[in-house]
Structures are given as structure tokens and as C-alpha cells.
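Next up, upload27.pdb (PDB, C-alpha atoms and all ligand atoms):
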ATOM      1  CA  MET A   6     107.831 168.214  26.199
ATOM      2  CA  GLN A   7     105.976 165.665  28.286
ATOM      3  CA  CYS A   8     106.159 165.882  32.076
ATOM      4  CA  ASP A   9     106.728 162.248  33.032
ATOM      5  CA  GLU A  10     108.544 163.010  36.269
ATOM      6  CA  ALA A  11     108.746 165.949  38.653
ATOM      7  CA  ARG A  12     111.637 166.301  41.093
ATOM      8  CA  LEU A  13     110.823 168.471  44.109
ATOM      9  CA  ILE A  14     113.997 170.156  45.337
ATOM     10  CA  PHE A  15     113.229 172.193  48.432
ATOM     11  CA  PHE A  16     114.379 173.869  51.622
ATOM     12  CA  SER A  17     111.381 174.185  53.944
ATOM     13  CA  PRO A  18     111.833 174.332  57.727
ATOM     14  CA  THR A  19     108.169 174.996  58.545
ATOM     15  CA  LYS A  20     106.811 173.144  55.486
ATOM     16  CA  SER A  21     104.804 175.853  53.706
ATOM     17  CA  THR A  22     107.264 175.842  50.795
ATOM     18  CA  LEU A  23     107.024 172.060  50.601
ATOM     19  CA  ARG A  24     103.201 172.161  50.596
ATOM     20  CA  ILE A  25     103.171 174.685  47.740
ATOM     21  CA  ALA A  26     105.793 172.765  45.734
ATOM     22  CA  GLU A  27     103.779 169.556  46.150
ATOM     23  CA  ALA A  28     100.619 171.316  44.933
ATOM     24  CA  VAL A  29     102.467 172.725  41.896
ATOM     25  CA  ALA A  30     103.747 169.234  41.031
ATOM     26  CA  ALA A  31     100.249 167.780  41.483
ATOM     27  CA  GLY A  32      98.880 170.367  39.051
ATOM     28  CA  MET A  33     101.592 169.505  36.537
ATOM     29  CA  GLY A  34     100.165 165.981  36.455
ATOM     30  CA  CYS A  35     103.533 164.214  36.180
ATOM     31  CA  GLY A  36     103.223 160.494  36.798
ATOM     32  CA  ASN A  37     106.143 160.259  39.161
ATOM     33  CA  VAL A  38     107.143 162.743  41.893
ATOM     34  CA  SER A  39     110.458 162.375  43.739
ATOM     35  CA  ARG A  40     112.041 164.559  46.404
ATOM     36  CA  VAL A  41     115.401 166.129  47.230
ATOM     37  CA  ASP A  42     115.045 167.615  50.726
ATOM     38  CA  LEU A  43     117.685 170.270  51.365
ATOM     39  CA  THR A  44     116.224 171.229  54.748
ATOM     40  CA  PHE A  45     118.628 168.948  56.600
ATOM     41  CA  PRO A  46     122.392 168.693  56.342
ATOM     42  CA  GLU A  47     122.709 165.054  55.261
ATOM     43  CA  GLY A  48     123.359 164.128  51.658
ATOM     44  CA  ALA A  49     127.086 164.406  51.102
ATOM     45  CA  GLY A  50     128.300 162.808  47.895
ATOM     46  CA  GLU A  51     127.922 163.513  44.218
ATOM     47  CA  PRO A  52     125.498 166.360  43.389
ATOM     48  CA  GLU A  53     122.060 165.116  42.398
ATOM     49  CA  ALA A  54     121.428 165.424  38.630
ATOM     50  CA  ASP A  55     118.604 162.991  37.756
ATOM     51  CA  GLY A  56     114.887 163.392  37.449
ATOM     52  CA  GLY A  57     112.480 165.121  35.108
ATOM     53  CA  VAL A  58     111.148 168.642  35.539
ATOM     54  CA  ALA A  59     112.581 170.223  38.699
ATOM     55  CA  VAL A  60     110.335 172.195  41.052
ATOM     56  CA  ILE A  61     112.784 174.217  43.159
ATOM     57  CA  GLY A  62     111.210 175.726  46.275
ATOM     58  CA  VAL A  63     112.672 178.083  48.876
ATOM     59  CA  PRO A  64     111.229 180.375  51.543
ATOM     60  CA  VAL A  65     111.946 184.102  51.383
ATOM     61  CA  TYR A  66     114.372 185.342  54.042
ATOM     62  CA  ALA A  67     114.889 189.135  53.987
ATOM     63  CA  GLY A  68     113.771 189.246  50.356
ATOM     64  CA  ARG A  69     116.418 186.717  49.315
ATOM     65  CA  VAL A  70     117.023 183.000  48.928
ATOM     66  CA  PRO A  71     118.146 181.833  52.427
ATOM     67  CA  GLY A  72     121.950 181.553  52.398
ATOM     68  CA  ILE A  73     121.886 177.995  53.678
ATOM     69  CA  ALA A  74     119.439 176.979  50.923
ATOM     70  CA  ALA A  75     121.694 178.479  48.223
ATOM     71  CA  GLU A  76     124.687 176.718  49.752
ATOM     72  CA  ARG A  77     122.914 173.336  49.770
ATOM     73  CA  LEU A  78     121.595 173.812  46.235
ATOM     74  CA  ARG A  79     125.138 174.482  45.032
ATOM     75  CA  ALA A  80     126.522 171.495  46.924
ATOM     76  CA  ARG A  81     123.844 168.936  46.158
ATOM     77  CA  VAL A  82     122.044 169.695  42.886
ATOM     78  CA  ARG A  83     122.912 169.943  39.179
ATOM     79  CA  GLY A  84     120.510 170.817  36.381
ATOM     80  CA  GLY A  85     121.939 169.001  33.382
ATOM     81  CA  GLY A  86     119.734 171.100  31.078
ATOM     82  CA  ARG A  87     116.486 170.069  32.808
ATOM     83  CA  PRO A  88     113.572 172.527  32.925
ATOM     84  CA  ALA A  89     112.941 174.094  36.335
ATOM     85  CA  VAL A  90     109.886 175.658  37.928
ATOM     86  CA  LEU A  91     110.882 178.166  40.616
ATOM     87  CA  VAL A  92     108.807 178.621  43.765
ATOM     88  CA  ALA A  93     109.330 181.247  46.478
ATOM     89  CA  VAL A  94     107.113 181.271  49.564
ATOM     90  CA  TYR A  95     106.959 184.401  51.708
ATOM     91  CA  GLY A  96     105.237 185.521  54.882
ATOM     92  CA  ASN A  97     102.910 188.142  53.377
ATOM     93  CA  ARG A  98     105.462 190.992  53.537
ATOM     94  CA  ALA A  99     107.404 190.860  50.231
ATOM     95  CA  PHE A 100     109.522 188.502  48.122
ATOM     96  CA  GLU A 101     111.712 191.255  46.611
ATOM     97  CA  ASP A 102     114.826 189.712  44.983
ATOM     98  CA  THR A 103     114.153 186.064  45.835
ATOM     99  CA  LEU A 104     112.874 184.915  42.440
ATOM    100  CA  ILE A 105     115.553 186.697  40.437
ATOM    101  CA  GLU A 106     118.246 185.253  42.722
ATOM    102  CA  LEU A 107     116.676 181.786  42.464
ATOM    103  CA  ARG A 108     116.486 182.102  38.678
ATOM    104  CA  ASP A 109     120.152 183.095  38.462
ATOM    105  CA  LEU A 110     121.126 180.270  40.789
ATOM    106  CA  ALA A 111     119.119 177.725  38.779
ATOM    107  CA  VAL A 112     120.841 178.859  35.577
ATOM    108  CA  GLU A 113     124.240 178.684  37.298
ATOM    109  CA  LEU A 114     123.480 175.065  38.255
ATOM    110  CA  GLY A 115     122.523 174.124  34.683
ATOM    111  CA  PHE A 116     118.714 174.255  34.862
ATOM    112  CA  LYS A 117     116.498 175.950  32.292
ATOM    113  CA  PRO A 118     113.916 178.012  34.255
ATOM    114  CA  VAL A 119     110.537 177.901  32.482
ATOM    115  CA  ALA A 120     108.157 179.341  35.103
ATOM    116  CA  ALA A 121     108.166 180.930  38.548
ATOM    117  CA  GLY A 122     105.691 181.700  41.288
ATOM    118  CA  ALA A 123     105.631 183.603  44.566
ATOM    119  CA  PHE A 124     103.193 182.173  47.106
ATOM    120  CA  ILE A 125     102.299 183.031  50.688
ATOM    121  CA  GLY A 126     102.883 180.997  53.862
ATOM    122  CA  GLU A 127     102.311 181.833  57.520
ATOM    123  CA  HIS A 128     105.220 183.974  58.650
ATOM    124  CA  SER A 129     107.837 182.088  60.641
ATOM    125  CA  PHE A 130     107.521 184.643  63.471
ATOM    126  CA  SER A 131     103.699 184.565  63.519
ATOM    127  CA  SER A 132     102.144 183.747  66.895
ATOM    128  CA  ALA A 133      98.622 183.411  68.290
ATOM    129  CA  ALA A 134      98.988 186.853  69.893
ATOM    130  CA  LEU A 135     100.510 188.483  66.781
ATOM    131  CA  PRO A 136      99.438 186.444  63.743
ATOM    132  CA  VAL A 137     100.956 187.145  60.307
ATOM    133  CA  ALA A 138      99.295 185.286  57.412
ATOM    134  CA  PRO A 139      97.878 182.648  59.795
ATOM    135  CA  GLY A 140      96.828 179.360  58.236
ATOM    136  CA  ARG A 141      98.519 179.993  54.916
ATOM    137  CA  PRO A 142      98.917 178.400  52.520
ATOM    138  CA  ASP A 143      95.172 177.741  52.739
ATOM    139  CA  ASP A 144      92.899 175.835  50.336
ATOM    140  CA  ALA A 145      92.689 178.800  47.945
ATOM    141  CA  ASP A 146      96.498 179.091  47.844
ATOM    142  CA  LEU A 147      96.913 175.374  47.184
ATOM    143  CA  GLN A 148      94.330 175.528  44.383
ATOM    144  CA  LYS A 149      96.250 178.435  42.819
ATOM    145  CA  ALA A 150      99.438 176.403  43.078
ATOM    146  CA  ARG A 151      97.754 173.448  41.313
ATOM    147  CA  ASP A 152      96.386 175.791  38.618
ATOM    148  CA  PHE A 153      99.892 177.193  38.133
ATOM    149  CA  GLY A 154     101.219 173.625  37.790
ATOM    150  CA  ALA A 155      98.655 172.948  35.052
ATOM    151  CA  GLN A 156      99.778 176.111  33.224
ATOM    152  CA  VAL A 157     103.389 174.959  33.479
ATOM    153  CA  ALA A 158     102.482 171.568  31.999
ATOM    154  CA  ALA A 159     100.686 173.301  29.106
ATOM    155  CA  LYS A 160     103.726 175.516  28.495
ATOM    156  CA  LEU A 161     106.047 172.490  28.496
ATOM    157  CA  ALA A 162     103.722 170.601  26.138
ATOM    158  CA  GLY A 163     104.145 173.424  23.622
ATOM    159  CA  MET A 164     107.948 173.248  23.712
ATOM    160  CA  ALA A 165     110.082 170.797  21.723
ATOM    161  CA  SER A 166     112.823 170.988  24.368
ATOM    162  CA  ALA A 167     113.759 173.081  27.387
ATOM    163  CA  ALA A 168     116.614 174.565  25.377
ATOM    164  CA  ASP A 169     113.995 176.494  23.334
ATOM    165  CA  ALA A 170     112.780 178.488  26.327
ATOM    166  CA  PRO A 171     113.726 182.195  26.297
ATOM    167  CA  GLU A 172     115.134 183.692  29.501
ATOM    168  CA  LEU A 173     112.407 183.721  32.120
ATOM    169  CA  ALA A 174     111.454 187.243  33.243
ATOM    170  CA  VAL A 175     110.829 187.598  36.983
ATOM    171  CA  PRO A 176     110.675 190.646  39.258
ATOM    172  CA  GLY A 177     113.659 191.705  41.353
ATOM    173  CA  ASN A 178     116.868 193.683  41.224
ATOM    174  CA  VAL A 179     120.541 192.966  40.640
ATOM    175  CA  PRO A 180     122.593 193.507  42.753
ATOM    176  CA  TYR A 181     120.298 191.759  45.206
ATOM    177  CA  ARG A 182     119.319 193.442  48.464
ATOM    178  CA  ASP A 183     121.238 192.505  51.605
ATOM    179  CA  GLY A 184     120.123 189.155  52.962
ATOM    180  CA  CYS A 185     120.120 188.024  56.559
ATOM    181  CA  ALA A 186     122.700 185.974  58.385
ATOM    182  CA  PRO A 187     122.676 184.391  61.842
ATOM    183  CA  ASN A 188     122.763 187.248  64.375
ATOM    184  CA  GLY A 189     122.953 185.433  67.700
ATOM    185  CA  LEU A 190     119.186 185.361  68.214
ATOM    186  CA  ALA A 191     117.539 181.982  68.775
ATOM    187  CA  PRO A 192     114.332 180.676  70.335
ATOM    188  CA  ALA A 193     114.359 179.980  74.062
ATOM    189  CA  THR A 194     113.078 176.927  75.941
ATOM    190  CA  LYS A 195     110.644 177.181  78.864
ATOM    191  CA  ALA A 196     112.142 174.662  81.266
ATOM    192  CA  ASP A 197     108.842 174.131  83.089
ATOM    193  CA  LEU A 198     107.116 172.974  79.880
ATOM    194  CA  CYS A 199     110.005 171.110  78.234
ATOM    195  CA  THR A 200     110.017 167.290  78.456
ATOM    196  CA  LEU A 201     113.486 167.000  76.819
ATOM    197  CA  CYS A 202     111.898 164.912  74.033
ATOM    198  CA  GLY A 203     114.484 166.156  71.505
ATOM    199  CA  GLU A 204     112.033 166.945  68.683
ATOM    200  CA  CYS A 205     113.455 170.499  68.408
ATOM    201  CA  ALA A 206     116.997 169.168  67.952
ATOM    202  CA  ARG A 207     115.864 166.548  65.450
ATOM    203  CA  LEU A 208     114.119 169.129  63.230
ATOM    204  CA  CYS A 209     116.698 171.936  63.391
ATOM    205  CA  PRO A 210     117.952 172.464  59.803
ATOM    206  CA  VAL A 211     121.334 173.696  61.033
ATOM    207  CA  GLN A 212     121.698 171.328  64.008
ATOM    208  CA  VAL A 213     122.431 174.001  66.602
ATOM    209  CA  ILE A 214     120.206 172.500  69.328
ATOM    210  CA  ARG A 215     121.567 169.978  71.832
ATOM    211  CA  VAL A 216     119.435 168.210  74.395
ATOM    212  CA  THR A 217     121.272 167.095  77.532
ATOM    213  CA  GLU A 218     119.830 165.114  80.428
ATOM    214  CA  THR A 219     118.726 168.322  82.093
ATOM    215  CA  ALA A 220     118.319 171.085  79.503
ATOM    216  CA  VAL A 221     118.004 172.193  75.879
ATOM    217  CA  GLU A 222     121.067 174.155  74.752
ATOM    218  CA  THR A 223     121.000 176.309  71.601
ATOM    219  CA  ASP A 224     123.987 177.820  69.831
ATOM    220  CA  GLY A 225     122.478 181.152  68.828
ATOM    221  CA  ASP A 226     125.446 181.993  66.606
ATOM    222  CA  GLY A 227     124.319 179.403  64.063
ATOM    223  CA  CYS A 228     120.520 179.763  64.355
ATOM    224  CA  ILE A 229     118.819 180.832  61.102
ATOM    225  CA  ARG A 230     115.606 181.836  62.987
ATOM    226  CA  CYS A 231     113.478 179.526  60.825
ATOM    227  CA  SER A 232     111.268 178.686  63.845
ATOM    228  CA  ALA A 233     110.939 174.990  62.937
ATOM    229  CA  CYS A 234     111.708 174.070  66.561
ATOM    230  CA  ILE A 235     108.864 176.277  67.807
ATOM    231  CA  ARG A 236     106.321 174.804  65.390
ATOM    232  CA  ALA A 237     107.470 171.257  66.146
ATOM    233  CA  CYS A 238     107.515 171.442  69.952
ATOM    234  CA  PRO A 239     104.710 169.200  71.262
ATOM    235  CA  THR A 240     104.469 171.061  74.599
ATOM    236  CA  GLN A 241     104.868 174.669  73.348
ATOM    237  CA  ALA A 242     108.080 174.941  75.348
ATOM    238  CA  ARG A 243     110.059 176.562  72.480
ATOM    239  CA  VAL A 244     109.300 180.264  72.147
ATOM    240  CA  TRP A 245     110.642 183.505  70.777
ATOM    241  CA  ASP A 246     111.405 185.729  73.754
ATOM    242  CA  ALA A 247     113.957 187.996  72.013
ATOM    243  CA  PRO A 248     112.731 191.635  72.088
ATOM    244  CA  ARG A 249     113.980 192.193  68.497
ATOM    245  CA  ILE A 250     111.797 189.375  67.143
ATOM    246  CA  HIS A 251     108.838 190.732  69.106
ATOM    247  CA  GLU A 252     109.403 194.188  67.535
ATOM    248  CA  ILE A 253     109.545 192.682  64.039
ATOM    249  CA  ASN A 254     106.386 190.723  64.686
ATOM    250  CA  VAL A 255     104.535 193.783  65.988
ATOM    251  CA  PHE A 256     105.572 195.609  62.793
ATOM    252  CA  LEU A 257     104.528 192.733  60.505
ATOM    253  CA  ASN A 258     101.208 192.275  62.286
ATOM    254  CA  ALA A 259     100.425 196.005  62.059
ATOM    255  CA  ASN A 260     101.639 196.633  58.500
ATOM    256  CA  HIS A 261     101.358 193.368  56.564
ATOM    257  CA  GLY A 262      98.018 191.991  57.697
ATOM    258  CA  ALA A 263      96.215 192.639  54.389
ATOM    259  CA  ARG A 264      96.013 189.415  52.423
ATOM    260  CA  LYS A 265      98.439 189.165  49.491
ATOM    261  CA  GLU A 266      97.801 186.768  46.627
ATOM    262  CA  PRO A 267     100.159 184.450  44.719
ATOM    263  CA  GLU A 268     101.848 185.846  41.603
ATOM    264  CA  THR A 269     103.074 183.669  38.751
ATOM    265  CA  PHE A 270     105.442 184.256  35.832
ATOM    266  CA  LEU A 271     105.338 182.050  32.727
TER
HETATM  267  C1  LIG B 301     114.923 184.870  58.938
HETATM  268  C2  LIG B 301     113.614 185.025  58.207
HETATM  269  C3  LIG B 301     113.438 186.051  57.301
HETATM  270  C4  LIG B 301     112.212 186.190  56.627
HETATM  271  N1  LIG B 301     112.066 187.207  55.714
HETATM  272  C5  LIG B 301     110.886 187.371  55.077
HETATM  273  C6  LIG B 301     110.713 188.429  54.124
HETATM  274  O1  LIG B 301     111.632 189.163  53.770
HETATM  275  N2  LIG B 301     109.479 188.619  53.578
HETATM  276  C7  LIG B 301     108.410 187.838  53.932
HETATM  277  O2  LIG B 301     107.307 188.105  53.466
HETATM  278  N3  LIG B 301     108.568 186.764  54.770
HETATM  279  C8  LIG B 301     109.776 186.524  55.347
HETATM  280  N4  LIG B 301     109.943 185.456  56.191
HETATM  281  C9  LIG B 301     108.832 184.498  56.384
HETATM  282  C10 LIG B 301     108.991 183.219  55.538
HETATM  283  O3  LIG B 301     109.318 183.538  54.203
HETATM  284  C11 LIG B 301     107.678 182.411  55.555
HETATM  285  O4  LIG B 301     107.284 182.170  56.880
HETATM  286  C12 LIG B 301     107.769 181.104  54.792
HETATM  287  O5  LIG B 301     106.456 180.608  54.674
HETATM  288  C13 LIG B 301     108.611 180.056  55.493
HETATM  289  O6  LIG B 301     108.715 178.921  54.650
HETATM  290  P1  LIG B 301     108.769 177.408  55.211
HETATM  291  O7  LIG B 301     107.438 177.158  55.899
HETATM  292  O8  LIG B 301     108.912 176.572  53.995
HETATM  293  O9  LIG B 301     109.898 177.319  56.169
HETATM  294  C14 LIG B 301     111.144 185.283  56.872
HETATM  295  C15 LIG B 301     111.349 184.229  57.782
HETATM  296  C16 LIG B 301     112.566 184.096  58.443
HETATM  297  C17 LIG B 301     112.752 182.941  59.383
END
Structure rendered as C-alpha cells:
Amino acid sequence: MQCDEARLIFFSPTKSTLRIAEAVAAGMGCGNVSRVDLTFPEGAGEPEADGGVAVIGVPVYAGRVPGIAAERLRARVRGGGRPAVLVAVYGNRAFEDTLIELRDLAVELGFKPVAAGAFIGEHSFSSAALPVAPGRPDDADLQKARDFGAQVAAKLAGMASAADAPELAVPGNVPYRDGCAPNGLAPATKADLCTLCGECARLCPVQVIRVTETAVETDGDGCIRCSACIRACPTQARVWDAPRIHEINVFLNANHGARKEPETFL
């Protein structure tokens, strides 16, 4: 099989998954790269079923595919027998059942998974005071993602059609571990630093932030804790001040500081 076109299908609030998926596609050397961005809620209509080789990328949330990403994949994407490369990006703790869940989901949607990789991105809760995988994916990670893409292209070149591919083996357990759901926690806004610019609301994947003339209001019941609003805030006014998130971050910083490396499955 030739790789004439790659279709990046991704959910990536803080963009590390997107950066890895782009590097994988670059390594595959497909002439044409198109995008289906599931990070935001728009896109009602017929599920998307075109394109060449799919590169499906999700972050790891509690060792699982984020629920909202699975929901949007089911609503907006169909495989139609196309080959799929699966990408999970995690914050240097563990990816656990994410790849096996993503493989099962891809098969359910009609894709033929041919390769998978788990890569590392800076943890969503990482801060300057308590960094977790800061700066990742870095140049070495992106090079490994490109190398993986080249291996995928070589594997595809050796196949007459995606239908020939045996079931892809990836680590993980079924039934999957418990995932995480909104739990009422959400970032706070420091009123003295906030300029009410609205960037946080614009970039919220679940649209739970509302900017009024005087304040930023967040519906914590819907927040997925992705931290996109914190990364995007131009004045550092969005912060995690929830004690539970601080505890998690202290734990991650103390126990998951040792650098992990990408793992690939072909
Ligand atoms: C709610 C939540 C749960 C997470 N769970 C895990 C996890 O189980 N293991 C891990 O290593 N990283 C975990 N992370 C970190 C993300 O997987 C990591 O930051 C990833 O790079 C985010 O991808 P993105 O930049 O594409 O949004 C979690 C992040 C969030 C927001």
C-alpha cells in the first residue's frame, strides 16, 4: 500500500498529542496531510469517512481514552476499512489501557489498526514549581515519532491491502481500568491578573467557561481538567488552586520524574 494521504484525527487540548501525530505523519512521508480536530465541539453532520491512512491521536486520561474523545470519535469519524495508526500521549506516569481501548474503538468504527505508539507530553497539571515531563515532547521525542512514521510507511508498503493486516497487539487489559469523569474541579481565575480577553473560553474543549463584563465564570461540573485554559492564558491568570490537584501534582513530581521513552507496536 502506498501512503498518498494521511488524515490526522485528534483530540489535543494542550497540543502535545497533535505535535506527535504531526511528526508521525511527517515520517510516513504521505504527500497530503489533512486534519479532523475533535478537540472542539463543532462538526455536527455526517461522520467523516474520507482520507487515506488515519493517524488517530488522543491523550491519556487516567490510563484511558478521554471519554469526550471517544464520544467525538464515535459521533464524527468512520473508518471505511482504512488503515489506522494509533497514538497515545501521556504525562510520564503510565498509559495503561489507553492503546487497547483506542484499538478496540478504531476497529468498532471500521478502521484497520496497523501500528500504535505511546509517546510522552508534559503533564497537564505540570507547573513551574512542580514540573512533570517539562518541555515534552522535545526534539528527541519528535524524532522518534518521525522514525515511527517511517516504519509505518515501510509496513504499509509491504501490504497489498489493509485487510491483510493481522490484529494489532498492544499492551493493556480488558475490562479497562476505571477512567475519570468531571468531578467538579476546575481551574480558578486570578481576578487581579485577568484582562477578560476570553482566550480561556475560546479554547475550552467543553465550553464550560463564560466571560462576562466583570468576571470569568467556570462550570466545574463539566470541566475535564485538560488545563488548556491555563496554558493559553496570556497573563497567567488561570491557575489550579484546588488542593486535590496540588496533591496529585506533588505525587507525580515525586514519583514520575524519571524520563520515560516512547514505545511503539508494529
Ligand atoms: C484528567 C487528566 C488525566 C490524566 N491522566 C494521565 C495518566 O493516567 N497518565 C499519564 O501519564 N498522564 C495523564 N495525564 C496527562 C496527559 O496525558 C498529558 O499531559 C498529555 O500530554 C496531554 O495531551 P494534550 O497536550 O494533547 O492535551 C492526564 C491529564 C489529565 C488532564
Within 10 Å of stretch 97-103 of chain A: each stretch 109-170 of chain A residue with its shortest pair, all atoms listed in the file, as CSV:
residue,atom,partner,partner_atom,distance
A:Asp109,CA,A:Thr103,CA,10.0
A:Ala123,CA,A:Phe100,CA,7.2
A:Phe124,CA,A:Asn97,CA,8.7
A:Ile125,CA,A:Asn97,CA,5.8
A:Gly126,CA,A:Asn97,CA,7.2
A:Glu127,CA,A:Asn97,CA,7.6
A:His128,CA,A:Asn97,CA,7.1
A:Val137,CA,A:Asn97,CA,7.3
A:Ala138,CA,A:Asn97,CA,6.1
A:Pro139,CA,A:Asn97,CA,9.8
A:Arg141,CA,A:Asn97,CA,9.4
Review point. If you apply the PyMOL selection byres (((not hetatm)) within 8 of (chain B and resi 301)) to this file, what residues do you get, as an MDAnalysis selection string?
Key: chainID A and resid 16:24 63:69 71 94:101 125:131 141 185:186 229:233
Determine the residue set returned by the PyMOL selection byres (((chain A and resi 116) around 12) and not hetatm) for the present structure, and present it as a PDB file with C-alpha atoms, keeping the file's coordinate frame.
ATOM      1  CA  ALA A  54     121.428 165.424  38.630  1.00  0.00           C
ATOM      2  CA  ASP A  55     118.604 162.991  37.756  1.00  0.00           C
ATOM      3  CA  GLY A  56     114.887 163.392  37.449  1.00  0.00           C
ATOM      4  CA  GLY A  57     112.480 165.121  35.108  1.00  0.00           C
ATOM      5  CA  VAL A  58     111.148 168.642  35.539  1.00  0.00           C
ATOM      6  CA  ALA A  59     112.581 170.223  38.699  1.00  0.00           C
ATOM      7  CA  VAL A  60     110.335 172.195  41.052  1.00  0.00           C
ATOM      8  CA  ILE A  61     112.784 174.217  43.159  1.00  0.00           C
ATOM      9  CA  LEU A  78     121.595 173.812  46.235  1.00  0.00           C
ATOM     10  CA  VAL A  82     122.044 169.695  42.886  1.00  0.00           C
ATOM     11  CA  ARG A  83     122.912 169.943  39.179  1.00  0.00           C
ATOM     12  CA  GLY A  84     120.510 170.817  36.381  1.00  0.00           C
ATOM     13  CA  GLY A  85     121.939 169.001  33.382  1.00  0.00           C
ATOM     14  CA  GLY A  86     119.734 171.100  31.078  1.00  0.00           C
ATOM     15  CA  ARG A  87     116.486 170.069  32.808  1.00  0.00           C
ATOM     16  CA  PRO A  88     113.572 172.527  32.925  1.00  0.00           C
ATOM     17  CA  ALA A  89     112.941 174.094  36.335  1.00  0.00           C
ATOM     18  CA  VAL A  90     109.886 175.658  37.928  1.00  0.00           C
ATOM     19  CA  LEU A  91     110.882 178.166  40.616  1.00  0.00           C
ATOM     20  CA  LEU A 107     116.676 181.786  42.464  1.00  0.00           C
ATOM     21  CA  ARG A 108     116.486 182.102  38.678  1.00  0.00           C
ATOM     22  CA  ASP A 109     120.152 183.095  38.462  1.00  0.00           C
ATOM     23  CA  LEU A 110     121.126 180.270  40.789  1.00  0.00           C
ATOM     24  CA  ALA A 111     119.119 177.725  38.779  1.00  0.00           C
ATOM     25  CA  VAL A 112     120.841 178.859  35.577  1.00  0.00           C
ATOM     26  CA  GLU A 113     124.240 178.684  37.298  1.00  0.00           C
ATOM     27  CA  LEU A 114     123.480 175.065  38.255  1.00  0.00           C
ATOM     28  CA  GLY A 115     122.523 174.124  34.683  1.00  0.00           C
ATOM     29  CA  LYS A 117     116.498 175.950  32.292  1.00  0.00           C
ATOM     30  CA  PRO A 118     113.916 178.012  34.255  1.00  0.00           C
ATOM     31  CA  VAL A 119     110.537 177.901  32.482  1.00  0.00           C
ATOM     32  CA  ALA A 120     108.157 179.341  35.103  1.00  0.00           C
ATOM     33  CA  ALA A 167     113.759 173.081  27.387  1.00  0.00           C
ATOM     34  CA  ALA A 168     116.614 174.565  25.377  1.00  0.00           C
ATOM     35  CA  ALA A 170     112.780 178.488  26.327  1.00  0.00           C
ATOM     36  CA  GLU A 172     115.134 183.692  29.501  1.00  0.00           C
ATOM     37  CA  LEU A 173     112.407 183.721  32.120  1.00  0.00           C
TER      38      LEU A 173
END
Exercise for review: To verify the selection step, state as a PyMOL selection string which residues the PyMOL selection byres (((chain A and resi 195-204) around 8) and not hetatm) yields on this input.
Suggested key: chain A and resi 193-194+205-208+216-221+234+237-238+240-244
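Distance annotation: of A:Val255, A:Ile73, A:Val38, A:Val29, the residue with the minimal separation from A:Pro210 is A:Ile73; atom set is all atoms listed in the file.
A straight line drawn from atom CA of A:Pro176 to atom CA of A:Glu266 is 15.3 Å long.
Here the question is which of A:Pro136, A:Ala159, A:Arg236, A:Gly34 gets nearest to A:Ala259 using all atoms listed in the file, and that residue is A:Pro136.
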Check your understanding: Could you name the residues that touch A:Phe256 at 10 Å or less, counting only C-alpha atoms, but leaving out those on the same chain fewer than 6 positions away, as a VMD selection string?
Key -> chain A and resid 135 137 250 262
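Reported to one decimal place, the separation of atom CA of A:Pro142 from atom CA of A:Arg264 is 11.4 Å.
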Practice item. Find the distance between atom CA of A:Ala162 and atom CA of A:Phe270 and write it in Å to one decimal. Key: 16.8 Å
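Within a radius of 10 Å around (123.3, 171.3, 68.5), the polymer residues are Cys205, Ala206, Arg207, Cys209, Val211, Gln212, Val213, Ile214, Arg215, Val216, Val221, Glu222, Thr223, Asp224, Gly225, Gly227 and Cys228 of chain A, counting all atoms listed in the file.
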